[in-house]
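Here is the file entry_2.cif (mmCIF, C-alpha atoms).
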```cif
data_run
#
loop_
_atom_site.label_atom_id
_atom_site.label_comp_id
_atom_site.auth_asym_id
_atom_site.auth_seq_id
_atom_site.Cartn_x
_atom_site.Cartn_y
_atom_site.Cartn_z
CA MET A 223 0.00 0.00 0.00
CA GLU A 224 1.42 3.34 -1.03
CA THR A 225 0.96 6.48 0.99
CA LEU A 226 -0.05 9.51 -1.00
CA PRO A 227 1.77 12.79 -0.50
CA VAL A 228 0.24 15.39 1.76
CA LYS A 229 -1.79 17.90 -0.26
CA THR A 230 -3.12 21.28 0.59
CA CYS A 231 -6.89 21.43 0.78
CA TRP A 232 -8.37 23.55 -2.02
CA TYR A 233 -10.95 24.92 0.46
CA CYS A 234 -9.38 25.49 3.87
CA ARG A 235 -5.76 25.65 2.73
CA GLN A 236 -4.66 23.31 5.49
CA ALA A 237 -2.83 20.02 5.00
CA ALA A 238 -5.58 17.78 3.66
CA GLY A 239 -3.96 14.46 4.56
CA ALA A 240 -3.83 11.38 2.35
CA ASP A 241 -7.54 10.61 2.43
CA SER A 242 -10.05 11.73 -0.16
CA LEU A 243 -11.71 13.99 2.43
CA CYS A 244 -9.75 16.85 3.97
CA ALA A 245 -8.54 15.97 7.47
CA GLU A 246 -9.30 19.51 8.60
CA CYS A 247 -12.56 20.60 7.00
CA GLY A 248 -13.90 17.36 5.53
CA ARG A 249 -14.29 18.69 1.98
CA LEU A 250 -13.83 16.23 -0.89
CA GLN A 251 -10.37 16.42 -2.48
CA PRO A 252 -9.61 15.81 -6.16
CA LEU A 253 -7.66 12.70 -7.09
CA GLU A 254 -4.05 13.46 -7.89
CA ARG A 255 -3.93 14.90 -11.37
CA ASP A 256 -1.44 12.41 -12.80
CA ALA A 257 -2.20 9.40 -10.63
CA ASP A 258 -2.39 6.26 -12.76
CA TYR A 259 -5.15 3.68 -12.29
CA PHE A 260 -3.10 1.55 -9.91
CA ARG A 261 -2.42 4.57 -7.76
CA ILE A 262 -6.06 5.59 -7.72
CA PHE A 263 -6.75 2.24 -6.08
CA ARG A 264 -3.61 2.64 -3.95
CA LEU A 265 -2.13 -0.48 -5.45
CA GLU A 266 1.40 -1.26 -6.51
CA ARG A 267 1.94 -1.60 -10.25
CA LYS A 268 1.59 -5.38 -10.22
CA LEU A 269 -0.32 -7.56 -12.65
CA SER A 270 -1.49 -10.45 -10.47
CA LEU A 271 -4.40 -8.55 -9.12
CA ASP A 272 -7.33 -10.12 -7.34
CA ALA A 273 -10.36 -8.80 -9.20
CA ALA A 274 -12.62 -9.98 -6.37
CA ALA A 275 -10.70 -7.83 -3.90
CA LEU A 276 -10.85 -4.86 -6.25
CA GLU A 277 -14.63 -4.74 -6.30
CA PRO A 278 -15.33 -3.84 -2.63
CA LYS A 279 -12.63 -1.19 -2.86
CA PHE A 280 -14.30 0.24 -5.96
CA HIS A 281 -17.68 0.35 -4.23
CA GLU A 282 -16.18 2.02 -1.20
CA PHE A 283 -14.59 4.79 -3.29
CA ALA A 284 -17.62 5.06 -5.56
CA ARG A 285 -19.84 5.69 -2.57
CA ARG A 286 -17.50 8.35 -1.29
CA PHE A 287 -17.39 10.16 -4.66
CA HIS A 288 -21.03 9.77 -5.48
CA PRO A 289 -22.25 13.12 -6.81
CA ASP A 290 -25.52 12.71 -4.86
CA HIS A 291 -23.62 13.31 -1.62
CA TYR A 292 -22.60 16.71 -2.86
CA ARG A 293 -25.90 18.01 -4.16
CA MET A 294 -25.92 20.56 -1.36
CA GLY A 295 -22.16 21.10 -1.54
CA LEU A 296 -20.17 23.84 -3.19
CA PRO A 297 -20.17 23.84 -7.00
CA ARG A 298 -16.46 23.07 -6.99
CA GLU A 299 -17.04 20.10 -4.72
CA ARG A 300 -19.74 18.75 -7.02
CA LEU A 301 -17.38 19.04 -9.95
CA ILE A 302 -14.60 17.22 -8.05
CA ALA A 303 -17.01 14.41 -7.14
CA LEU A 304 -18.02 14.02 -10.76
CA GLU A 305 -14.45 13.98 -12.03
CA ASN A 306 -13.30 11.57 -9.33
CA ALA A 307 -16.19 9.20 -10.01
CA SER A 308 -15.52 9.22 -13.73
CA ARG A 309 -11.81 8.47 -13.31
CA LEU A 310 -12.57 5.81 -10.74
CA ASN A 311 -14.96 4.06 -13.13
CA GLN A 312 -12.41 4.13 -15.91
CA ALA A 313 -9.72 2.78 -13.58
CA TYR A 314 -11.95 -0.02 -12.34
CA ARG A 315 -13.05 -1.12 -15.79
CA THR A 316 -9.43 -1.24 -16.95
CA LEU A 317 -7.89 -2.97 -13.95
CA ARG A 318 -10.50 -5.66 -13.38
CA ASP A 319 -9.86 -7.27 -16.79
CA PRO A 320 -6.46 -9.01 -17.05
CA PHE A 321 -6.06 -8.15 -20.74
CA ASP A 322 -7.09 -4.51 -20.44
CA ARG A 323 -4.88 -4.30 -17.37
CA SER A 324 -1.88 -5.65 -19.31
CA ALA A 325 -2.49 -3.31 -22.25
CA TYR A 326 -2.73 -0.41 -19.82
CA LEU A 327 0.58 -1.42 -18.25
CA LEU A 328 2.20 -1.25 -21.70
CA GLU A 329 0.88 2.28 -22.11
CA LEU A 330 2.19 3.30 -18.71
CA GLU A 331 5.58 1.70 -19.10
CA GLU A 332 6.30 2.34 -22.75
CA GLY A 333 3.99 5.19 -23.65
CA ARG A 334 2.09 3.22 -26.27
CA GLY A 335 -0.50 0.46 -26.30
CA LEU A 336 -1.08 -2.08 -29.05
CA ASP A 337 -0.50 -0.37 -32.38
CA GLY A 338 0.87 -2.79 -34.94
CA LYS A 339 4.40 -1.36 -34.89
CA ASP A 340 5.72 -4.65 -33.55
CA SER A 341 7.27 -7.55 -35.36
CA PRO A 342 4.13 -9.28 -36.61
CA PRO A 343 3.43 -12.98 -35.91
CA GLN A 344 3.97 -14.16 -39.51
CA GLU A 345 2.96 -17.80 -38.94
CA LEU A 346 -0.28 -16.78 -37.34
CA PHE A 347 -0.96 -14.41 -40.26
CA GLU A 348 -0.50 -17.23 -42.75
CA GLU A 349 -2.92 -19.33 -40.77
CA ILE A 350 -5.50 -16.56 -40.62
CA LEU A 351 -5.31 -16.03 -44.38
CA GLU A 352 -5.82 -19.77 -44.88
CA VAL A 353 -8.92 -19.62 -42.73
CA GLN A 354 -10.10 -16.64 -44.77
CA GLU A 355 -9.81 -18.75 -47.92
CA LEU A 356 -11.80 -21.57 -46.34
CA LEU A 357 -14.44 -19.08 -45.24
CA ASP A 358 -14.67 -17.66 -48.77
CA GLU A 359 -15.08 -21.16 -50.13
CA TYR A 360 -17.73 -21.97 -47.56
CA ALA A 361 -19.61 -18.76 -48.36
CA ALA A 362 -19.47 -19.53 -52.09
CA VAL A 363 -20.84 -23.01 -51.41
CA GLY A 364 -23.57 -21.43 -49.30
CA GLU A 365 -24.61 -19.27 -52.23
CA ALA A 366 -24.54 -22.22 -54.63
CA GLY A 367 -26.58 -24.41 -52.29
CA GLY A 368 -30.30 -24.44 -53.09
CA THR A 369 -29.69 -23.40 -56.72
CA PRO A 370 -30.81 -25.74 -59.52
CA ALA A 371 -27.31 -27.18 -59.72
CA PHE A 372 -27.41 -28.22 -56.06
CA PRO A 373 -31.06 -28.57 -55.03
CA GLY A 374 -29.93 -30.30 -51.82
CA GLY A 375 -28.58 -27.01 -50.48
CA VAL A 376 -25.27 -26.22 -48.80
CA GLU A 377 -24.63 -29.82 -47.81
CA GLU A 378 -24.82 -31.12 -51.32
CA ALA A 379 -22.83 -28.24 -52.78
CA GLY A 380 -19.79 -29.27 -50.72
CA GLY A 381 -20.63 -27.66 -47.39
CA ALA A 382 -20.85 -31.05 -45.71
CA ALA A 383 -17.15 -31.59 -46.39
CA LEU A 384 -16.06 -28.05 -45.51
CA ARG A 385 -17.91 -27.66 -42.26
CA PRO A 386 -15.85 -30.15 -40.24
CA VAL A 387 -12.67 -28.55 -41.61
CA LEU A 388 -13.79 -25.16 -40.33
CA GLU A 389 -14.91 -26.73 -37.07
CA GLU A 390 -11.47 -28.26 -36.63
CA ARG A 391 -9.79 -24.90 -37.26
CA ARG A 392 -12.05 -23.24 -34.77
CA ILE A 393 -11.16 -25.73 -32.04
CA ALA A 394 -7.42 -25.48 -32.75
CA LEU A 395 -7.47 -21.66 -32.78
CA GLN A 396 -9.57 -21.54 -29.63
CA LYS A 397 -7.00 -23.72 -27.93
CA ALA A 398 -4.22 -21.41 -29.13
CA GLN A 399 -6.18 -18.50 -27.70
CA ASP A 400 -6.71 -20.21 -24.34
CA ASP A 401 -3.04 -21.19 -24.14
CA ARG A 402 -1.99 -17.59 -24.60
CA ALA A 403 -4.39 -16.35 -21.95
CA ARG A 404 -3.06 -18.92 -19.52
CA ARG A 405 0.55 -18.04 -20.26
CA LEU A 406 -0.11 -14.33 -19.86
CA THR A 407 -1.97 -14.49 -16.57
CA GLY A 408 0.35 -17.24 -15.27
CA ASP A 409 4.06 -17.09 -16.07
CA VAL A 410 4.17 -13.60 -17.55
CA PHE A 411 2.21 -11.92 -14.75
CA ALA A 412 4.40 -13.70 -12.19
CA ALA A 413 7.57 -12.63 -14.00
CA TRP A 414 6.45 -8.99 -14.01
CA ASP A 415 5.50 -9.05 -10.34
CA ARG A 416 8.84 -10.59 -9.39
CA LEU A 417 10.85 -7.76 -10.99
CA PRO A 418 12.67 -5.62 -8.47
CA ASP A 419 11.51 -2.01 -8.20
CA GLY A 420 13.66 0.83 -9.41
CA ASP A 421 15.13 -0.68 -12.56
CA PRO A 422 13.07 1.00 -15.28
CA GLY A 423 15.54 0.30 -18.09
CA GLY A 424 16.34 -3.26 -17.07
CA LEU A 425 16.66 -6.05 -19.61
CA ALA A 426 14.40 -8.43 -17.72
CA ARG A 427 11.77 -5.73 -17.59
CA ALA A 428 11.97 -5.08 -21.33
CA GLU A 429 11.74 -8.81 -21.95
CA VAL A 430 8.54 -9.20 -19.91
CA LEU A 431 6.96 -6.18 -21.60
CA ARG A 432 7.82 -7.65 -24.98
CA SER A 433 6.09 -10.91 -24.03
CA ILE A 434 2.99 -9.03 -22.93
CA ARG A 435 2.92 -7.06 -26.17
CA ARG A 436 3.32 -10.18 -28.28
CA ILE A 437 0.64 -12.18 -26.48
CA LEU A 438 -1.87 -9.31 -26.49
CA GLY A 439 -1.25 -8.74 -30.20
CA GLU A 440 -1.72 -12.39 -31.09
CA ARG A 441 -4.80 -12.53 -28.93
CA ALA A 442 -6.34 -9.62 -30.83
CA TYR A 443 -5.89 -11.43 -34.16
CA LEU A 444 -7.12 -14.73 -32.77
CA ARG A 445 -10.18 -13.15 -31.24
CA ARG A 446 -11.16 -11.65 -34.56
CA VAL A 447 -10.68 -14.81 -36.61
CA LEU A 448 -12.51 -16.90 -34.00
CA HIS A 449 -15.42 -14.50 -34.15
CA ARG A 450 -15.59 -14.86 -37.92
CA LEU A 451 -15.44 -18.65 -37.67
CA ARG A 452 -18.22 -18.78 -35.09
CA GLU A 453 -20.33 -16.48 -37.25
CA ALA A 454 -19.83 -18.66 -40.31
CA LEU A 455 -20.63 -21.83 -38.37
CA GLY A 456 -23.74 -20.24 -36.91
CA GLU A 457 -22.46 -20.33 -33.34
CA ALA A 458 -22.09 -16.62 -32.75
CA MET B 264 -21.98 3.56 -41.27
CA PRO B 265 -22.64 3.28 -45.00
CA TYR B 266 -19.72 2.42 -47.25
CA SER B 267 -18.93 4.69 -50.17
CA ASP B 268 -19.76 3.43 -53.67
CA LYS B 269 -16.08 2.93 -54.41
CA VAL B 270 -15.56 0.79 -51.32
CA LEU B 271 -18.62 -1.28 -52.20
CA ASP B 272 -17.36 -1.68 -55.75
CA HIS B 273 -13.95 -2.98 -54.63
CA TYR B 274 -15.55 -5.09 -51.92
CA SER B 275 -18.07 -6.87 -54.11
CA ASN B 276 -15.74 -6.99 -57.10
CA PRO B 277 -12.22 -7.09 -55.68
CA ARG B 278 -9.37 -6.78 -58.17
CA ASN B 279 -6.32 -9.01 -58.11
CA VAL B 280 -7.26 -11.42 -55.36
CA GLY B 281 -4.83 -14.29 -55.07
CA SER B 282 -1.22 -15.24 -54.57
CA LEU B 283 2.06 -15.14 -56.44
CA ASP B 284 4.93 -17.58 -55.98
CA LYS B 285 6.62 -16.46 -52.79
CA SER B 286 9.91 -18.12 -53.70
CA ASP B 287 10.22 -16.30 -57.05
CA PRO B 288 13.19 -13.91 -56.72
CA HIS B 289 11.23 -11.18 -58.50
CA VAL B 290 8.20 -11.47 -56.23
CA GLY B 291 8.00 -9.37 -53.09
CA THR B 292 5.63 -10.39 -50.30
CA GLY B 293 4.37 -8.23 -47.47
CA ILE B 294 2.14 -9.57 -44.71
CA VAL B 295 1.03 -7.01 -42.16
CA GLY B 296 -1.61 -6.76 -39.49
CA ALA B 297 -3.31 -4.32 -37.17
CA PRO B 298 -3.79 -5.69 -33.66
CA GLU B 299 -6.29 -2.92 -32.84
CA CYS B 300 -8.84 -4.51 -35.14
CA GLY B 301 -7.38 -7.94 -35.97
CA ASP B 302 -7.11 -7.30 -39.72
CA VAL B 303 -4.43 -9.12 -41.69
CA MET B 304 -3.31 -8.15 -45.20
CA LYS B 305 -1.01 -9.93 -47.64
CA LEU B 306 0.21 -8.05 -50.67
CA GLN B 307 2.49 -9.44 -53.37
CA ILE B 308 4.11 -7.82 -56.39
CA ARG B 309 6.03 -9.26 -59.31
CA VAL B 310 8.58 -6.91 -60.79
CA ASN B 311 10.28 -6.96 -64.16
CA PRO B 312 13.98 -6.92 -63.24
CA GLU B 313 14.88 -5.08 -66.48
CA THR B 314 12.48 -2.18 -66.18
CA ASN B 315 11.73 -2.25 -62.45
CA VAL B 316 8.05 -2.05 -63.37
CA ILE B 317 5.46 -3.92 -61.29
CA GLU B 318 3.86 -6.32 -63.74
CA ASP B 319 1.51 -8.07 -61.38
CA ALA B 320 0.10 -7.44 -57.93
CA ARG B 321 -2.09 -9.69 -55.79
CA PHE B 322 -3.64 -9.50 -52.37
CA LYS B 323 -5.42 -11.53 -49.74
CA THR B 324 -7.06 -9.74 -46.87
CA PHE B 325 -8.76 -10.87 -43.70
CA GLY B 326 -10.73 -7.88 -42.56
CA CYS B 327 -13.62 -5.50 -43.06
CA GLY B 328 -14.88 -4.08 -46.35
CA SER B 329 -12.63 -1.03 -46.09
CA ALA B 330 -9.54 -3.19 -45.57
CA ILE B 331 -10.42 -5.30 -48.60
CA ALA B 332 -11.13 -2.22 -50.70
CA SER B 333 -7.89 -0.54 -49.59
CA SER B 334 -5.78 -3.54 -50.57
CA SER B 335 -7.68 -4.05 -53.81
CA LEU B 336 -7.11 -0.41 -54.75
CA ALA B 337 -3.45 -0.66 -53.76
CA THR B 338 -2.86 -3.56 -56.16
CA GLU B 339 -4.66 -1.70 -58.92
CA TRP B 340 -2.52 1.37 -58.44
CA MET B 341 0.75 -0.55 -58.20
CA LYS B 342 0.39 -2.41 -61.46
CA GLY B 343 2.28 -0.68 -64.25
CA ARG B 344 4.17 1.61 -61.91
CA THR B 345 7.85 1.33 -61.09
CA VAL B 346 8.82 0.24 -57.61
CA GLU B 347 9.93 3.80 -56.83
CA GLN B 348 6.58 5.19 -57.94
CA ALA B 349 4.70 2.58 -55.91
CA MET B 350 6.75 3.59 -52.89
CA GLN B 351 5.17 7.05 -53.18
CA ILE B 352 1.62 5.78 -52.64
CA ARG B 353 0.36 7.25 -49.38
CA ASN B 354 -2.48 6.07 -47.21
CA THR B 355 -4.02 9.53 -47.57
CA ASP B 356 -4.36 8.91 -51.33
CA ILE B 357 -6.34 5.75 -50.54
CA VAL B 358 -8.49 7.56 -47.98
CA GLU B 359 -9.33 10.20 -50.53
CA GLU B 360 -10.06 7.82 -53.39
CA LEU B 361 -12.30 5.55 -51.31
CA ALA B 362 -13.78 8.36 -49.18
CA LEU B 363 -12.96 6.41 -46.03
CA PRO B 364 -14.44 7.77 -42.80
CA PRO B 365 -12.05 8.57 -39.90
CA VAL B 366 -12.70 5.26 -38.12
CA LYS B 367 -11.49 3.38 -41.20
CA ILE B 368 -8.30 5.31 -41.83
CA HIS B 369 -6.28 2.55 -40.19
CA CYS B 370 -7.29 0.25 -43.07
CA SER B 371 -5.50 2.55 -45.51
CA VAL B 372 -2.48 2.70 -43.20
CA LEU B 373 -2.37 -1.07 -43.27
CA ALA B 374 -2.41 -1.04 -47.07
CA GLU B 375 0.48 1.43 -47.18
CA ASP B 376 2.41 -0.74 -44.70
CA ALA B 377 1.75 -3.78 -46.89
CA ILE B 378 3.08 -1.98 -50.00
CA LYS B 379 6.25 -1.00 -48.14
CA ALA B 380 6.69 -4.49 -46.67
CA ALA B 381 6.37 -6.10 -50.12
CA ILE B 382 8.91 -3.71 -51.63
CA GLU B 383 11.23 -4.23 -48.68
CA ASP B 384 11.01 -8.00 -49.15
CA LEU B 385 11.86 -7.58 -52.81
CA ARG B 386 14.89 -5.42 -52.00
CA GLN B 387 16.12 -7.88 -49.43
CA LYS B 388 15.85 -10.67 -51.98
CA ALA B 389 17.79 -8.59 -54.50
CA GLY B 390 20.33 -7.79 -51.81
CA THR B 391 20.38 -4.13 -52.69
CA GLY B 392 20.57 -3.52 -48.99
CA THR B 393 18.32 -0.60 -48.15
CA SER B 394 17.08 -2.93 -45.47
CA GLY B 395 19.46 -1.73 -42.76
CA ALA B 396 18.33 1.86 -42.91
CA GLU B 397 14.69 0.93 -43.30
CA SER B 398 14.42 -1.45 -40.38
CA GLY B 399 16.40 0.97 -38.26
CA GLU B 400 13.86 3.60 -39.06
CA ARG B 401 10.97 1.30 -38.24
CA GLN B 402 12.49 0.45 -34.88
CA ALA B 403 12.90 4.11 -34.11
CA VAL B 404 9.21 4.58 -34.78
CA SER B 405 8.22 1.70 -32.57
CA ARG B 406 10.20 2.92 -29.62
#
```
Starting from the file, lay out its structure as structure tokens.
Amino acid sequence: METLPVKTCWYCRQAAGADSLCAECGRLQPLERDADYFRIFRLERKLSLDAAALEPKFHEFARRFHPDHYRMGLPRERLIALENASRLNQAYRTLRDPFDRSAYLLELEEGRGLDGKDSPPQELFEEILEVQELLDEYAAVGEAGGTPAFPGGVEEAGGAALRPVLEERRIALQKAQDDRARRLTGDVFAAWDRLPDGDPGGLARAEVLRSIRRILGERAYLRRVLHRLREALGEA
Amino acid sequence: MPYSDKVLDHYSNPRNVGSLDKSDPHVGTGIVGAPECGDVMKLQIRVNPETNVIEDARFKTFGCGSAIASSSLATEWMKGRTVEQAMQIRNTDIVEELALPPVKIHCSVLAEDAIKAAIEDLRQKAGTGTSGAESGERQAVSR
């Protein structure tokens, strides 16, 4: 747990303390201007985060910032409540999801999220383009099915043979997707959390961030192609 | 959001879909992707080694209508141009021609990246060695 620096209260000009309410006058204080999402929740910048433990903390803060409490307050206080609540929501939504949390860490640590400027996973690309071809074929068969040439519909036009092929691809790609998720939230999260503090340019650190970037990138491609496959197979 | 007529035209009637022989020394292949949306684009060109003119261009794209239209247009524009001329194609030209809305601009960026990657592959095969400077530049961008 980090302690926040002592701030001066915007209202009474006394030392406000580390809490969100001024220790002297009790007025609501704004969140630190450049506090990141981890800091808003007073957490260390670690990835293995217990989402179940995050929720009660979120509710506690959310109650404290709720604009309804400040209906009778000063206009400035109402504005602070609104801004705090909005940043808190954003922080909670980002941190509770392991993938959003990892992408956010990349932004914090390297100043950029996922943007395609990384060495692309060529093998995965080839595979995706193969699936695209199968999908095109399947769609063409779908259009041919039910026409005079193939009165028996998609099945007769060749769909019966293609469907299990697509099904097989879907299962294999889903497994690849699950494997990556497991690796990210397992080994990679643990490796990040084990890093010693105060070595921002360290090699080990760069290595872990590279792994996160690669897995998140691959996951984005896999998610898309899986969605298309499910759609085509009528499972979406 | 409705697609422009030109996007629809390329989407329903894509030009130059397909593959060229990757191992041909005069064929350059670029495969690029955008993790933000999951699109993947493969663009290939075959160049006449005498004239340096792109004689054939093919693409395969996994993505939305705008991504398909952008790559289709890119192949159309590259054919008949020299490699140096093709290198001048900018994503903004594609945006303008297809009237892409702001949310689809990344599709045109992907197409420009694919053109560059294909040309880069060709140059590496030819061993004319602009690769050092180019990849250095790309790393600088990514950092």
Interface, chain B side, toward chain A (12 Å; all atoms listed in the file) as number ranges by chain:
B: 280-282, 292-306, 322-327, 331, 369-370, 372-373, 376-377, 380, 398, 400-406
Point (3.7, -4.0, -65.7), cut-off 8 Å, counting all atoms listed in the file, residues as a ChimeraX atom specification
/B:310-311,316-319,342-344
Can I get the selected residues back with C-alpha atoms, as a CSV table (one decimal), in the coordinates of the input?
```csv
chain,number,residue,atom,x,y,z
B,310,VAL,CA,8.6,-6.9,-60.8
B,311,ASN,CA,10.3,-7.0,-64.2
B,316,VAL,CA,8.0,-2.0,-63.4
B,317,ILE,CA,5.5,-3.9,-61.3
B,318,GLU,CA,3.9,-6.3,-63.7
B,319,ASP,CA,1.5,-8.1,-61.4
B,342,LYS,CA,0.4,-2.4,-61.5
B,343,GLY,CA,2.3,-0.7,-64.2
B,344,ARG,CA,4.2,1.6,-61.9
```
Determine the nearest neighbour of B:Asn276 from the options B:Ser335, B:Pro288, B:Glu383, B:Met350, counting only C-alpha atoms.
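The closest residue to B:Asn276 is B:Ser335.
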Can you list what the PyMOL selection byres ((chain A and resi 258) around 10) grabs from this structure, as a list in words?
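Those residues are Glu254, Arg255, Asp256, Ala257, Tyr259, Phe260, Arg261, Ile262, Phe263, Arg264, Leu265, Arg267, Arg309, Ala313, Tyr326, Leu327 and Leu330 of chain A.
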So the first atom is atom CA of B:Ile357 and the second is atom CA of B:Ile382; what is the distance between them in Å, to one decimal place?
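We find that atom CA of B:Ile357 and atom CA of B:Ile382 lie 18.0 Å from each other.
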With distances taken over all atoms listed in the file, which residue among B:Asn279, B:Ser329, B:Ser334, B:Thr355 lies nearest B:Lys367?
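Comparing B:Asn279, B:Ser329, B:Ser334, B:Thr355 against B:Lys367, the winner is B:Ser329.
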Which residues are close to B:Asp287, i.e. within 10 Å by all atoms listed in the file, leaving aside same-chain residues fewer than 6 positions away? Reply as an MDAnalysis selection string.
chainID B and resid 309 385 388
Mind pulling up the distance from atom CA of A:Leu451 to atom CA of A:Leu395?
9.8 Å
Taking the file as shown, find all residues satisfying the PyMOL selection byres ((chain B and resi 266) around 12) and write them as a PyMOL selection string.
chain B and resi 264-265+267-275+327-330+332+361-364+366-367
Any idea what the distance is between atom CA of A:Ala303 and atom CA of A:Leu269?
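These two atoms are separated by 28.1 Å.
Run against this file, the PyMOL selection byres ((chain A and resi 233) around 10) gives back Thr230, Cys231, Trp232, Cys234, Arg235, Gln236, Ala238, Cys244, Glu246, Cys247, Gly248, Arg249, Leu250, Gln251, Leu296, Arg298 and Glu299 of chain A.
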Just-selected residues, C-alpha atoms written as a compact mmCIF listing (two decimals), in the frame of the given file:
```txt
# COMPACT_ATOMS: atom_id res chain seq x y z
CA THR A 230 -3.12 21.28 0.59
CA CYS A 231 -6.89 21.43 0.78
CA TRP A 232 -8.37 23.55 -2.02
CA CYS A 234 -9.38 25.49 3.87
CA ARG A 235 -5.76 25.65 2.73
CA GLN A 236 -4.66 23.31 5.49
CA ALA A 238 -5.58 17.78 3.66
CA CYS A 244 -9.75 16.85 3.97
CA GLU A 246 -9.30 19.51 8.60
CA CYS A 247 -12.56 20.60 7.00
CA GLY A 248 -13.90 17.36 5.53
CA ARG A 249 -14.29 18.69 1.98
CA LEU A 250 -13.83 16.23 -0.89
CA GLN A 251 -10.37 16.42 -2.48
CA LEU A 296 -20.17 23.84 -3.19
CA ARG A 298 -16.46 23.07 -6.99
CA GLU A 299 -17.04 20.10 -4.72
```
